[in-house]
Amino acid sequence: MTDIKKIKSLDLSRMDFVTNQSLKWCPGCGDYSILKQTQRILPELGVPKEKFLFISGIGCSSRFPYYINTYGFHTIHGRATAIASGAKLANPDLSVWVVTGDGDALSIGGNHTIHLMRRNLDINILLFNNRIYGLTKGQYSPTSELGKVTKSTPMGSLDRPFNPTSLALGSQATFVARTIDRNPKHIQSILKSAYEHKGTSFVEIYQNCNIFNNGAFKDLTDKKILSENIIQLEHGQPMIFGKNHNLGIHLDGYTPKIIDLNKDDNVSIDDVLVHNEKDIVIASMLSSFTYNDNFPTPIGIIYSVDEPIYEDMLQDQINTAIEKQGKGDIQNLLNSGNIWEVK
Amino acid sequence: MTDIKKIKSLDLSRMDFVTNQSLKWCPGCGDYSILKQTQRILPELGVPKEKFLFISGIGCSSRFPYYINTYGFHTIHGRATAIASGAKLANPDLSVWVVTGDGDALSIGGNHTIHLMRRNLDINILLFNNRIYGLTKGQYSPTSELGKVTKSTPMGSLDRPFNPTSLALGSQATFVARTIDRNPKHIQSILKSAYEHKGTSFVEIYQNCNIFNNGAFKDLTDKKILSENIIQLEHGQPMIFGKNHNLGIHLDGYTPKIIDLNKDDNVSIDDVLVHNEKDIVIASMLSSFTYNDNFPTPIGIIYSVDEPIYEDMLQDQINTAIEKQGKGDIQNLLNSGNIWEVK
Amino acid sequence: MPKTKIKHVDHVVIRFAGDSGDGMQLTGSRFTDSTAIFGNDLSTLPDYPAEIRAPAGSLAGVSVFQLHFSSQDIHTPGDQPDVLVAMNPAALKGHLADLEPNGIIIANSDTFNKKNLHLAGYESNPLEDGSLENEYEVHAIRMTSLVIKACKNIDISLKDVERTKNMFALGLLFWMYNRSTDTTIQWLQKKFKSKPAIIEANTRALYAGYHYGDTTEMFTSRYTVEKATLPPGKYRNINGNYAISLGLLAAAEKSGLPLFFGGYPITPASEILHYLASYRNFGVKTFQAEDEIAGISAAIGASFIGNLACTATSGPGMALKTEALGLAIMAELPLVVVNVQRGGPSTGLPTKTEQSDLFQAVMGRNADAPIPVIAPSTPGDCFYAAFEASQIAIKYMTPVIVLSDGYLANGSEPWPIPKMDELPKIDVKFETEYNGKDKYLPYKRNKQTLARPWAIPGTPKLEHRLGGLEKEDVTGDVNYEADNHHLMTTLRAQKIANIANNYPPTKVFGKDNSDLLILTWGSTFGPGRVAVERLHKDKLNVSHVHLRYLNPLPIDLGGILKKFKHILIPEINTGQLRTIIRAQYVVDAKGLNIVRGRPIRASVIVNRVKKILGI
Amino acid sequence: MPKTKIKHVDHVVIRFAGDSGDGMQLTGSRFTDSTAIFGNDLSTLPDYPAEIRAPAGSLAGVSVFQLHFSSQDIHTPGDQPDVLVAMNPAALKGHLADLEPNGIIIANSDTFNKKNLHLAGYESNPLEDGSLENEYEVHAIRMTSLVIKACKNIDISLKDVERTKNMFALGLLFWMYNRSTDTTIQWLQKKFKSKPAIIEANTRALYAGYHYGDTTEMFTSRYTVEKATLPPGKYRNINGNYAISLGLLAAAEKSGLPLFFGGYPITPASEILHYLASYRNFGVKTFQAEDEIAGISAAIGASFIGNLACTATSGPGMALKTEALGLAIMAELPLVVVNVQRGGPSTGLPTKTEQSDLFQAVMGRNADAPIPVIAPSTPGDCFYAAFEASQIAIKYMTPVIVLSDGYLANGSEPWPIPKMDELPKIDVKFETEYNGKDKYLPYKRNKQTLARPWAIPGTPKLEHRLGGLEKEDVTGDVNYEADNHHLMTTLRAQKIANIANNYPPTKVFGKDNSDLLILTWGSTFGPGRVAVERLHKDKLNVSHVHLRYLNPLPIDLGGILKKFKHILIPEINTGQLRTIIRAQYVVDAKGLNIVRGRPIRASVIVNRVKKILGI
Ligand SMILES: Cc1ncc(C[n+]2csc(CCOP(=O)(O)OP(=O)(O)O)c2C)c(N)n1
Ligand SMILES: Cc1ncc(C[n+]2csc(CCOP(=O)(O)OP(=O)(O)O)c2C)c(N)n1
Ligand code: SF4
Ligand code: SF4
Ligand SMILES: [Mg+2]
Ligand SMILES: [Mg+2]
């Protein structure tokens with residue numbers, strides 16, 4: 001099937017992925033950083049430029065394709081994942097990326113998002129989660145915290161938020177990861193892993209909207225406190241965090257606890273849970289830390305397993321059908337069934 | 001708020017809930033049993049008949065409201081949960097039930113379903129899962145097994161199925177349960193629990209479509225083998241199953257295993273995991289058994305926690321606003337702002 | 001041999017009616033096949049309940065198949081049946097009113113028991129109480145008993161034996177109309193290959209029916225309907241949904257583009273998905289999406305990538321696709337959208353036919369959003385409509401709507417098999433080089449057609465971005481300027497208007513100017529044509545124009561309409577084409593609007609015309 | 001005091017243009033408020049970019065507020081500004097072409113630096129290169145420097161100081177037009193209650209502007225625009241979105257029904273959700289749904305339960321609601337659906353105005369699915385349109401569409417405050433007893449209106465089921481029969497047609513028969529009326545009819561149209577009302593179709609009329 005992943009260095013650089021369109025995000029918007037990191041890693045993937053396709057919906061984040069010099073499609077609100085599915089099926093040889101927002105992917109587009117994940121097409125979803133509707137000027141989104149005061153909820157929102165990584169896991173996603181706009185190196189590494197993963201890669205990117213939801217992630221980006229609030233996951237590594245790498249996640253029965261390697265008695269690194277990105281129970285547990293003040297927020301690859309790829313199986317069916325029935329001949333088909341001749 | 005749950009015996013019987021419409025399901029369809037059990041438990045809930053509202057989408061299952069003599073609304077494909085949300089918000093005093101199919105709730109209606117669960121309105125969702133599109137005559141559904149041969153997939157389906165209970169958990173559902181058309185007592189008890197639960201209750205009901213997907217659940221309904229294939233969950237009880245109640249779920253670290261109390265050495269009932277319907281990690285693990293041949297399929301209440309109810313919070317906002325600002329006076333409102341008078 | 005007379009007749013309409021489980025659709029199809037192969041012209045109309053298996057014996061559960069066959073060229077499944085096969089009381093009750101005076105009733109009297117009579121709402125047994133006697137020729141036959149007798153000693157269940165009663169009825173009708181049982185026997189042998197006992201039972205039942213006619217003295221007449229003089233060539237019988245599928249396949253072949261179908265099941269369009277899904281060996285990619293929106297969205301994605309992309313649905317699904325259609329218009333991507341219309345509004349009458357989505361097709365979008373609309377006129381014509389829609393979509397870079405309907409979808413007719421090498425090639429030119437100075441300009445239009453170029457992802461150097469925001473003329477960049485928007489709005493409209501330049505001249509059946517013109521579209525072609533033929537027989541000065549192109553309308557139509565004193569537009573809706581025609585040509589066209597979930601009857605049109613002409 | 005002349009003028013159009021961050025909307029609103037309170041008639045038109053903060057200094061980033069105020073009764077925000085306030089080069093570049101010959105330019109010259117000039121596409125500085133000199137009255141003022149000077153010693157950031165330059169411009173204009181600064185000072189004090197330093201800075205900037213006019217000798221003239229003679233009463237300034245929200249609230253009050261709003265944010269309709277969400281103390285329930293489909297679905301659910309249910313959206317969202325609208329039609333439930341139209345197709349020009357969703361509103365659904373459509377004519381009229389839509393919805397048990405647009409939504413005008421006790425009561429009668437013998441018949445219609453009864457869940461004994469399948473007449477049971485479907489289709493159509501029986505007579509402005517009729521709908525009322533007024537001044541025999549009711553059309557309209565030689569329909573679309581009028585009345589109405597994302601100019605209409613009349 002696709003050989004795009006095998007091609008090596010193509011002499012591309014970041015500048016090859018910059019368009020002539022002037023960027024129209026607000027100064028200070030987290031989207032800039034994500035754009036830049038994306039433009040940085042694309043040249044390193046060994047994919048010819050013309051084989052990249054970026055598809056987005058509607059929202060501030062969804063303006064992304066205009067700014068990245070590949071094939072692109074800025075579509076309609078919520079449908080990027082569905083349109084990308086058709087594009088990928090039509091030409092599996094393309095490297096297809098969906099750029100979407102928390103409103104686009106989880107509000108109006110929620111259904112297409114979860115269906116893409118269960119289908120497991122080899123598409124990378126970058127969900128820019130700013131926990132707000134940016135483009136429509138600041139209504140709460142499905143990831144906004146309960147009680148959020150916005151233009152549409154002057155007394156506070158009444159909906160408990162989705163946890164995008166849990167939703168992804170519940171939708172049979174095969175790759176679930178999270179990163180943050182303010183951590184360029186981490187974004188790069190996660191985007192590369194997402195690309196490497198065969199199947200749908202779901203990447204939640206925490207993104208600051210400094211106009212309508214400034215500081216939504218300040219606990220996770222403020223240098224002074226972030227190390228206590230974030231746990232960076234590595235497959236096969238113990239789950240350690242904290243300023244002095246002193247804190248660890250420990251399983252007491254099936255209940256997760258935080259232990260302090262420096263302070264708690266009788267605990268050692270062996271008591272710290274080792275991350276296993278192939279285990280759905282661990283992944284569910286880690287994901288459940290998300291809105292939980294007692295635990296650090298996990299970033300990195302939460303879950304990653306290999307499952308059959310939709311477009312590969314489709315191609316297999318085509319091949320098998322041709323093998324068994326011969327390549328379709330339309331005139332023969334027209335002439336089949338109960339035929340008679342009028343002379 | 002609502003006091004419907006407090007009213008006691010109202011002298012209603014099953015027959016009060018039977019309509020004059022002739023039933024149009026195929027003879028042998030699993031829907032009949034579910035209808036009957038529902039008609040059985042409604043009189044026992046202490047709710048006046050006129051306060052029940054059944055809302056459905058489109059599908060065989062969605063014909064349900066015509067056959068139950070309460071208020072009802074057979075709406076459009078996929079939107080029952082959204083329509084029910086408006087109805088419940090408009091009158092929280094009603095007991096609102098959604099009846100839907102695997103196509104209706106998880107294909108076209110997937111988004112409304114997951115949003116209702118995160119919002120946690122006090123609505124009971126009964127999802128009749130026959131793993132097929134019945135009404136449109138037998139295409140595969142989002143819960144059909146991978147490789148399913150149907151009219152629309154003559155060489156087999158290519159989508160990995162949703163696991164409805166996992167999707168519900170991933171959507172922040174507060175009540176997730178499963179039952180089977182062929183087990184009347186179990187349906188009744190689950191429906192009652194769903195009713196008792198304040199918040200959105202998600203009940204997956206395995207339902208045999210004897211025309212287009214006959215025997216989809218035969219491993220779970222065939223008296224000879226079902227006890228090996230089903231585990232019936234009870235909160236606070238060890239997870240035991242098997243013909244002789246000899247098999248149990250054991251956690252080895254965080255990895256579930258099956259142990260045989262009669263055969264395995266050194267194991268006792270104390271090694272069997274106790275079901276805790278309040279624990280999301282346990283619930284996720286149990287739900288993941290669903291398509292796993294190595295484990296029994298859990299039925300019963302997988303997860304049940306209390307969380308704030310959308311319509312209650314909405315009513316609170318109204319009360320608070322009236323308390324603080326006084327009951328709105330439209331003429332005053334019209335007269336507010338920058339006013340001037342032309343004489 | 002009993003003394004049956006042989007009568008020669010021009011045409012016959014048979015209606016098979018029975019319980020959903022009685023196999024009426026199958027019986028009808030078998031009779032159709034034999035009749036087609038025999039060489040009659042024919043037209044069929046299946047009609048079945050919305051329920052999968054409505055309660056046995058109920059009125060709601062009756063499934064119907066009507067067949068009109070003739071030695072002449074015919075255009076409709078017939079107004080009123082000459083023969084009603086009623087497999088149970090409900091079938092008789094529900095369809096007797098339609099039967100021709102003195103028509104033939106063939107009933108399975110075994111089913112006329114108390115329970116079934118009650119379910120059908122009969123107080124007494126109409127086969128016995130004399131109520132039918134003077135008006136119809138009634139044959140009450142104990143079909144169930146007779147097949148049980150015929151199938152003695154075959155090792156299958158009683159239920160399976162009883163099921164063969166439809167073969168009995170079929171055999172009897174074969175006898176009545178002098179048809180061979182051969183193709184049916186062949187068909188049984190193929191269909192039940194692995195079940196010889198079933199073959200045996202059905203074959204015996206078929207023969208039992210045939211011989212019943214031959215041996216009882218019940219029937220005083222047999223009929224012959226001579227072969228029709230159809231144009232020479234190879235024929236097959238075809239329904240509209242299959243014809244659409246083949247038309248799309250043919251367009252893929254002729255354009256050299258891979259075929260992509262994204263859709264969601266919905267009655268009566270689902271079969272298009274089913275058919276196409278079975279052609280993986282043609283490289284067809286079908287995608288059963290999570291809903292109609294995802295179906296069309298996936299197709300739009302595939303179109304961008306250079307596939308011949310299509311979707312098919314019915315009214316409610318079409319409604320859901322509306323927003324995405326706007327995107328295809330703005331992005332100017334080719335796309336074929338098939339709407340197999342059904343009764344509405346809302347879920348309405350999901351298994352019945354209607355022509356009420358014309359407004360939706362032509363005008364049913366937000367903003368100024370023109371889309372070409374083509375409607376096939378007969379089941380076989382669906383092939384050409386789908387093919388032509390693909391041609392237009394590709395040539396003009398636009399979505400195109402094909403308006404079929406439930407009758408066309410399920411109805412069938414003999415179909416001269418097209419020769420692929422006689423179909424036109426569909427030119428596709430993907431851009432591979434800059435079309436501007438040092439750059440690719442995605443909205444630099446073809447001067448003649450106004451189509452924009454199609455450069456597909458994967459093409460080196462031509463990287464570009466499409467989107468739903470207003471595009472700058474030529475460059476395709478986002479542009480919010482006032483004059484550009486006016487220009488682009490005008491260009492989009494002009495591009496679609498241009499399509500009419502390529503239409504063939506509109507044909508008038510009958511005189512170019514006469515007292516009255518019947519103007520039809522879609523499946524009302526048949527009744528319209530039959531009505532005019534009958535009126536011509538009455539020497540009335542009446543003509544017929546059938547519209548294939550609903551948007552843009554043919555350029556010559558205005559001139560044609562002016563020459564008629566009256567214009568009558570029969571439609572299965574409340575007057576949608578009438579509105580469009582009046583708006584376009586400022587002519588006082590009248591409507592004949594009968595919204596009964598069935599084709600309009602030619603006789604109703606004839607009557608209305610006479611009334612207008614004061615006859 | 002310098003020797004400035006005071007000139008009396010009838011009306012003035014000012015356009016404030018600046019970067020998105022320059023606060024032009026605010027400046028415009030402040031000037032509007034003072035002008036309103038002063039007693040002028042006025043009309044405003046805000047226009048801002050689709051981006052939240054487009055790049056500083058770019059053409060795309062210019063935000064505009066236009067204000068027309070007058071001593072006369074006026075109807076539009078003005079064709080061409082008399083004064084252009086340009087806070088940067090891009091603002092000048094983008095709007096100079098619209099300025100009246102000899103118009104006044106007031107520019108913040110501090111921003112005319114190399115970078116900004118380049119961004120705006122200027123080669124040289126137009127304030128200095130003499131290019132403007134002879135054609136305009138140019139005032140280049142270093143506003144930024146002047147506010148920095150004025151705000152010395154206030155303890156706020158330089159950025160905050162610089163921001164006050166809009167107050168400087170406002171102050172200067174207050175001086176020029178003899179307006180009081182009082183209401184603005186009060187407003188500042190309320191708005192920045194907790195930030196006294198900000199109040200101080202803005203106040204100083206405002207005075208600095210005012211005194212700048214007073215003390216420099218730059219300005220040779222000041223202007224007065226006398227109070228308009230508006231009808232007596234209490235007034236406030238109002239925009240369309242707010243007026244709609246209040247109209248719905250008023251209808252809830254007058255009907256005694258709780259108000260339920262289900263919707264999804266979309267420009268330019270989002271504010272209706274915002275406004276209504278802030279009225280919890282009125283018991284209003286607002287539900288921000290996951291999409292437009294869920295928004296209308298929830299509203300349908302609430303309608304069944306007996307609320308006054310509504311939703312609001314714009315074109316693309318309207319498209320998504322189409323299927324659910326069909327359900328509301330079939331279930332015959334009351335529902336108010338507001339569409340605030342914007343430029344399309346697809347995402348189009350999301351912040352610009354357009355009138356192109358008329359087809360969609362009247363005809364844009366599958367099947368025969370009639371819905372009444374009402375369009376407000378001015379921002380204040382939106383109140384009455386929403387109120388009347390609620391009346392009709394409840395009286396006829398039907399969804400009703402209100403077609404507003406981006407201009408009405410954001411534009412504003414002085415509004416005589418309605419008196420609640422003068423508004424009609426809206427009768428609601430929920431059924432509580434059987435309306436049939438021993439049972440409840442949900443489709444037993446009111447003989448006059450054809451509305452079905454409304455029995456809400458929770459009512460003992462009246463348990464019943466609604467649904468989207470075809471209903472049996474009277475009982476509302478599911479019914480697939482042919483005749484019933486024809487009957488129900490007819491009844492649904494007749495019910496909607498009946499609504500026209502209650503319309504007030506259509507008013508003709510000008511003579512009842514004349515050479516030419518200008519027919520308008522929606523926000524084109526203003527330009528249409530102004531054009532006719534101007535043509536009357538030229539003694540031309542021209543009249544104006546404005547259509548509030550787009551479906552069904554007024555019964556008397558046909559008779560009126562016949563009396564005019566020419567009919568001209570100006571619309572911000574490619575001819576949608578024109579199509580509807582031609583279809584209905586078979587009259588050869590002509591269109592004036594200018595699709596530029598802005599109101600059509602009265603002068604363009606005047607010119608076209610003269611051309612048609614050969615003048
Ligand atoms: C059908 C439709 N409904 C609503 C909108 C309006 N709309 C545009 S973007 C958006 C939400 C954007 O939020 P998000 O996806 O989080 O993107 P962000 O702007 O925050 O990056 C909405 C509601 C639309 N364009 N189309
Ligand atoms: C908008 C729309 N799309 C498609 C359909 C056709 N349709 C009706 S029911 C159905 C699927 C039913 O499957 P499911 O929900 O599993 O119900 P079941 O019949 O199996 O009980 C479909 C596709 C429709 N009615 N409306
Ligand atoms: S509104 Fe927020 S998300 Fe949108 S561009 Fe501005 S900062 Fe970024
Ligand atoms: S098709 Fe299947 S689900 Fe539908 S009624 Fe028949 S058996 Fe039940
Ligand atoms: Mg967002
Ligand atoms: Mg199903």
# chains A, B, ... in the order shown; residues from 1 in each chain; ligands from 1

call {"tool": "residues_around", "arguments": {"residues": "B:Leu106", "least_positions_apart": "4", "cutoff": "7 Å", "atoms": "only C-alpha atoms", "output": "PyMOL selection string"}}
result
chain B and resi 102+110+142

call {"tool": "write_last_selection", "arguments": {"atoms": "N, CA and C atoms", "output": "mmCIF file, in the first residue's frame"}}
result
data_model
loop_
_atom_site.group_PDB
_atom_site.id
_atom_site.type_symbol
_atom_site.label_atom_id
_atom_site.label_comp_id
_atom_site.auth_asym_id
_atom_site.auth_seq_id
_atom_site.Cartn_x
_atom_site.Cartn_y
_atom_site.Cartn_z
ATOM 1 N N ASP B 102 -29.287 0.738 18.064
ATOM 2 C CA ASP B 102 -27.839 0.917 17.925
ATOM 3 C C ASP B 102 -27.515 1.859 16.768
ATOM 4 N N GLY B 110 -25.162 9.531 17.496
ATOM 5 C CA GLY B 110 -24.072 9.361 18.451
ATOM 6 C C GLY B 110 -23.760 10.614 19.249
ATOM 7 N N PRO B 142 -23.147 0.340 13.896
ATOM 8 C CA PRO B 142 -21.875 0.636 14.581
ATOM 9 C C PRO B 142 -21.541 -0.352 15.676
#

call {"tool": "select_by_dssp", "arguments": {"residues": "stretch 22-261 of chain B", "states": "alpha helix (DSSP H)", "output": "PyMOL selection string"}}
result
chain B and resi 31-41+80-90+102-103+110-119+164-170+184-196+218-221+226-229

call {"tool": "residues_near_ligand", "arguments": {"ligand": "ligand 1", "cutoff": "7 Å", "atoms": "only C-alpha atoms and all ligand atoms", "output": "count of residues only"}}
result
33

call {"tool": "closest_residue", "arguments": {"among": "A:Ile41, A:Leu23, A:Met117, A:Ile322", "to": "chain D", "atoms": "only C-alpha atoms"}}
result
A:Leu23

call {"tool": "residues_near_ligand", "arguments": {"ligand": "ligand 4", "cutoff": "8 Å", "atoms": "only C-alpha atoms and all ligand atoms", "output": "short mmCIF file (atom, residue, chain, number, x, y, z; two decimals) with N, CA and C atoms, in the first residue's frame"}}
result
data_model
loop_
_atom_site.label_atom_id
_atom_site.label_comp_id
_atom_site.auth_asym_id
_atom_site.auth_seq_id
_atom_site.Cartn_x
_atom_site.Cartn_y
_atom_site.Cartn_z
N LYS B 24 -46.36 -3.99 15.33
CA LYS B 24 -45.90 -4.29 13.98
C LYS B 24 -44.48 -4.82 13.91
N TRP B 25 -43.99 -5.30 15.04
CA TRP B 25 -42.68 -5.94 14.98
C TRP B 25 -42.84 -7.35 14.41
N CYS B 26 -41.76 -7.89 13.89
CA CYS B 26 -41.81 -9.25 13.38
C CYS B 26 -42.09 -10.22 14.52
N PRO B 27 -42.82 -11.26 14.24
CA PRO B 27 -43.00 -12.29 15.26
C PRO B 27 -41.63 -12.80 15.70
N GLY B 28 -41.43 -12.91 17.00
CA GLY B 28 -40.16 -13.42 17.51
C GLY B 28 -39.14 -12.34 17.80
N CYS B 29 -39.45 -11.12 17.48
CA CYS B 29 -38.51 -10.02 17.72
C CYS B 29 -38.30 -9.81 19.22
N GLY B 30 -37.08 -9.53 19.60
CA GLY B 30 -36.76 -9.29 21.01
C GLY B 30 -37.45 -8.07 21.59
N ASP B 31 -37.91 -7.19 20.73
CA ASP B 31 -38.54 -5.96 21.21
C ASP B 31 -39.78 -6.25 22.06
N GLY B 59 -36.44 3.59 13.74
CA GLY B 59 -35.89 2.24 13.71
C GLY B 59 -37.01 1.33 14.18
N CYS B 60 -36.81 0.02 14.09
CA CYS B 60 -37.84 -0.88 14.61
C CYS B 60 -38.10 -0.57 16.08
N SER B 61 -37.01 -0.52 16.84
CA SER B 61 -37.10 -0.27 18.27
C SER B 61 -37.84 1.03 18.56
N ASN B 130 -29.37 -4.52 18.68
CA ASN B 130 -29.46 -5.79 17.95
C ASN B 130 -28.31 -5.94 16.97
N ILE B 132 -27.55 -4.39 14.36
CA ILE B 132 -27.95 -4.38 12.95
C ILE B 132 -28.94 -3.24 12.75
N TYR B 133 -29.09 -2.79 11.50
CA TYR B 133 -30.19 -1.90 11.17
C TYR B 133 -31.38 -2.77 10.81
N GLY B 134 -32.38 -2.78 11.68
CA GLY B 134 -33.55 -3.60 11.40
C GLY B 134 -34.45 -2.95 10.35
N LEU B 135 -34.91 -1.76 10.65
CA LEU B 135 -35.97 -1.16 9.84
C LEU B 135 -35.59 -0.97 8.37
N LYS B 137 -33.78 -2.92 6.80
CA LYS B 137 -33.65 -4.26 6.25
C LYS B 137 -32.23 -4.80 6.19
N GLY B 138 -31.49 -4.54 7.28
CA GLY B 138 -30.33 -5.36 7.46
C GLY B 138 -28.98 -4.87 6.97
N GLN B 207 -30.67 -7.21 22.18
CA GLN B 207 -31.99 -7.55 21.63
C GLN B 207 -31.82 -8.34 20.35
N ASN B 208 -32.47 -9.46 20.29
CA ASN B 208 -32.32 -10.29 19.11
C ASN B 208 -33.23 -9.81 17.98
N CYS B 209 -32.63 -9.59 16.80
CA CYS B 209 -33.39 -9.31 15.59
C CYS B 209 -33.42 -10.62 14.83
N ASN B 210 -34.53 -11.34 14.96
CA ASN B 210 -34.53 -12.69 14.39
C ASN B 210 -34.63 -12.69 12.87
N ILE B 211 -34.86 -11.54 12.28
CA ILE B 211 -34.93 -11.50 10.83
C ILE B 211 -33.56 -11.20 10.20
N PHE B 212 -32.88 -10.22 10.72
CA PHE B 212 -31.65 -9.80 10.05
C PHE B 212 -30.36 -10.12 10.79
N ASN B 213 -30.49 -10.52 12.04
CA ASN B 213 -29.26 -10.82 12.79
C ASN B 213 -29.55 -11.85 13.85
N GLU C 51 -43.30 -1.41 7.54
CA GLU C 51 -42.83 -2.33 8.56
C GLU C 51 -42.12 -3.52 7.92
N ILE C 52 -41.21 -4.10 8.67
CA ILE C 52 -40.49 -5.25 8.16
C ILE C 52 -41.45 -6.42 7.98
N ARG C 53 -42.15 -6.74 9.03
CA ARG C 53 -43.20 -7.78 8.97
C ARG C 53 -44.38 -7.25 9.75
#

call {"tool": "interface_residues", "arguments": {"of": "chain D", "to": "chain C", "cutoff": "7 Å", "atoms": "only C-alpha atoms", "output": "NGL selection string"}}
result
:D and (315-316 or 319-320 or 322-323 or 326-327 or 330 or 343-349 or 356-357 or 359-360 or 363-369 or 468-470 or 480 or 482-483 or 485-486 or 573-574 or 579-580 or 582-583 or 586-588 or 594-597)

call {"tool": "interface_residues", "arguments": {"of": "chain B", "to": "chain A", "cutoff": "6 Å", "atoms": "only C-alpha atoms", "output": "ChimeraX atom specification"}}
result
/B:110-111,118-119,158-160,166-167,170-171,281,285,310

call {"tool": "closest_residue", "arguments": {"among": "D:Lys611, D:Arg465, D:Arg601, D:Lys227", "to": "chain B", "atoms": "only C-alpha atoms"}}
result
D:Arg465

call {"tool": "interface_residues", "arguments": {"of": "chain B", "to": "chain D", "cutoff": "8 Å", "atoms": "only C-alpha atoms", "output": "number ranges by chain"}}
result
B: 49-53, 65-66, 69-76, 79, 82-91, 94, 111-112, 115, 314, 317-322, 325-331, 334-335, 337-343

call {"tool": "select_by_dssp", "arguments": {"residues": "stretch 411-494 of chain C", "states": "strand (DSSP E or B)", "output": "number ranges by chain"}}
result
C: 412-416, 430, 436, 439, 443, 454, 465-467, 469, 471, 474, 478

call {"tool": "atom_distance", "arguments": {"atom1": "atom CA of C:Gly256", "atom2": "atom CA of C:Cys310"}}
result
15.2 Å

call {"tool": "closest_residue", "arguments": {"among": "B:Pro184, B:Gly236, B:Gly242, B:Gly57", "to": "ligand 2", "atoms": "only C-alpha atoms and all ligand atoms"}}
result
B:Gly57

call {"tool": "atom_distance", "arguments": {"atom1": "atom 13 (O, counted along the ligand's line) of ligand 2", "atom2": "atom CA of B:Asn183"}}
result
22.3 Å

call {"tool": "residues_around", "arguments": {"residues": "C:Pro77", "least_positions_apart": "3", "cutoff": "6 Å", "atoms": "only C-alpha atoms", "output": "ChimeraX atom specification"}}
result
/C:43-45,67-68

call {"tool": "write_last_selection", "arguments": {"atoms": "N, CA and C atoms", "output": "mmCIF file, in the first residue's frame"}}
result
data_model
loop_
_atom_site.group_PDB
_atom_site.id
_atom_site.type_symbol
_atom_site.label_atom_id
_atom_site.label_comp_id
_atom_site.auth_asym_id
_atom_site.auth_seq_id
_atom_site.Cartn_x
_atom_site.Cartn_y
_atom_site.Cartn_z
ATOM 1 N N SER C 43 -44.156 -2.673 -17.535
ATOM 2 C CA SER C 43 -43.835 -1.677 -16.526
ATOM 3 C C SER C 43 -44.367 -2.193 -15.201
ATOM 4 N N THR C 44 -43.571 -2.069 -14.141
ATOM 5 C CA THR C 44 -43.996 -2.655 -12.861
ATOM 6 C C THR C 44 -43.978 -1.624 -11.750
ATOM 7 N N LEU C 45 -44.735 -1.910 -10.719
ATOM 8 C CA LEU C 45 -44.801 -1.018 -9.560
ATOM 9 C C LEU C 45 -44.942 -1.833 -8.289
ATOM 10 N N LEU C 67 -48.140 -5.183 -12.295
ATOM 11 C CA LEU C 67 -47.401 -5.414 -13.528
ATOM 12 C C LEU C 67 -48.311 -5.097 -14.707
ATOM 13 N N HIS C 68 -47.805 -4.321 -15.600
ATOM 14 C CA HIS C 68 -48.550 -3.965 -16.799
ATOM 15 C C HIS C 68 -47.733 -4.484 -17.965
#
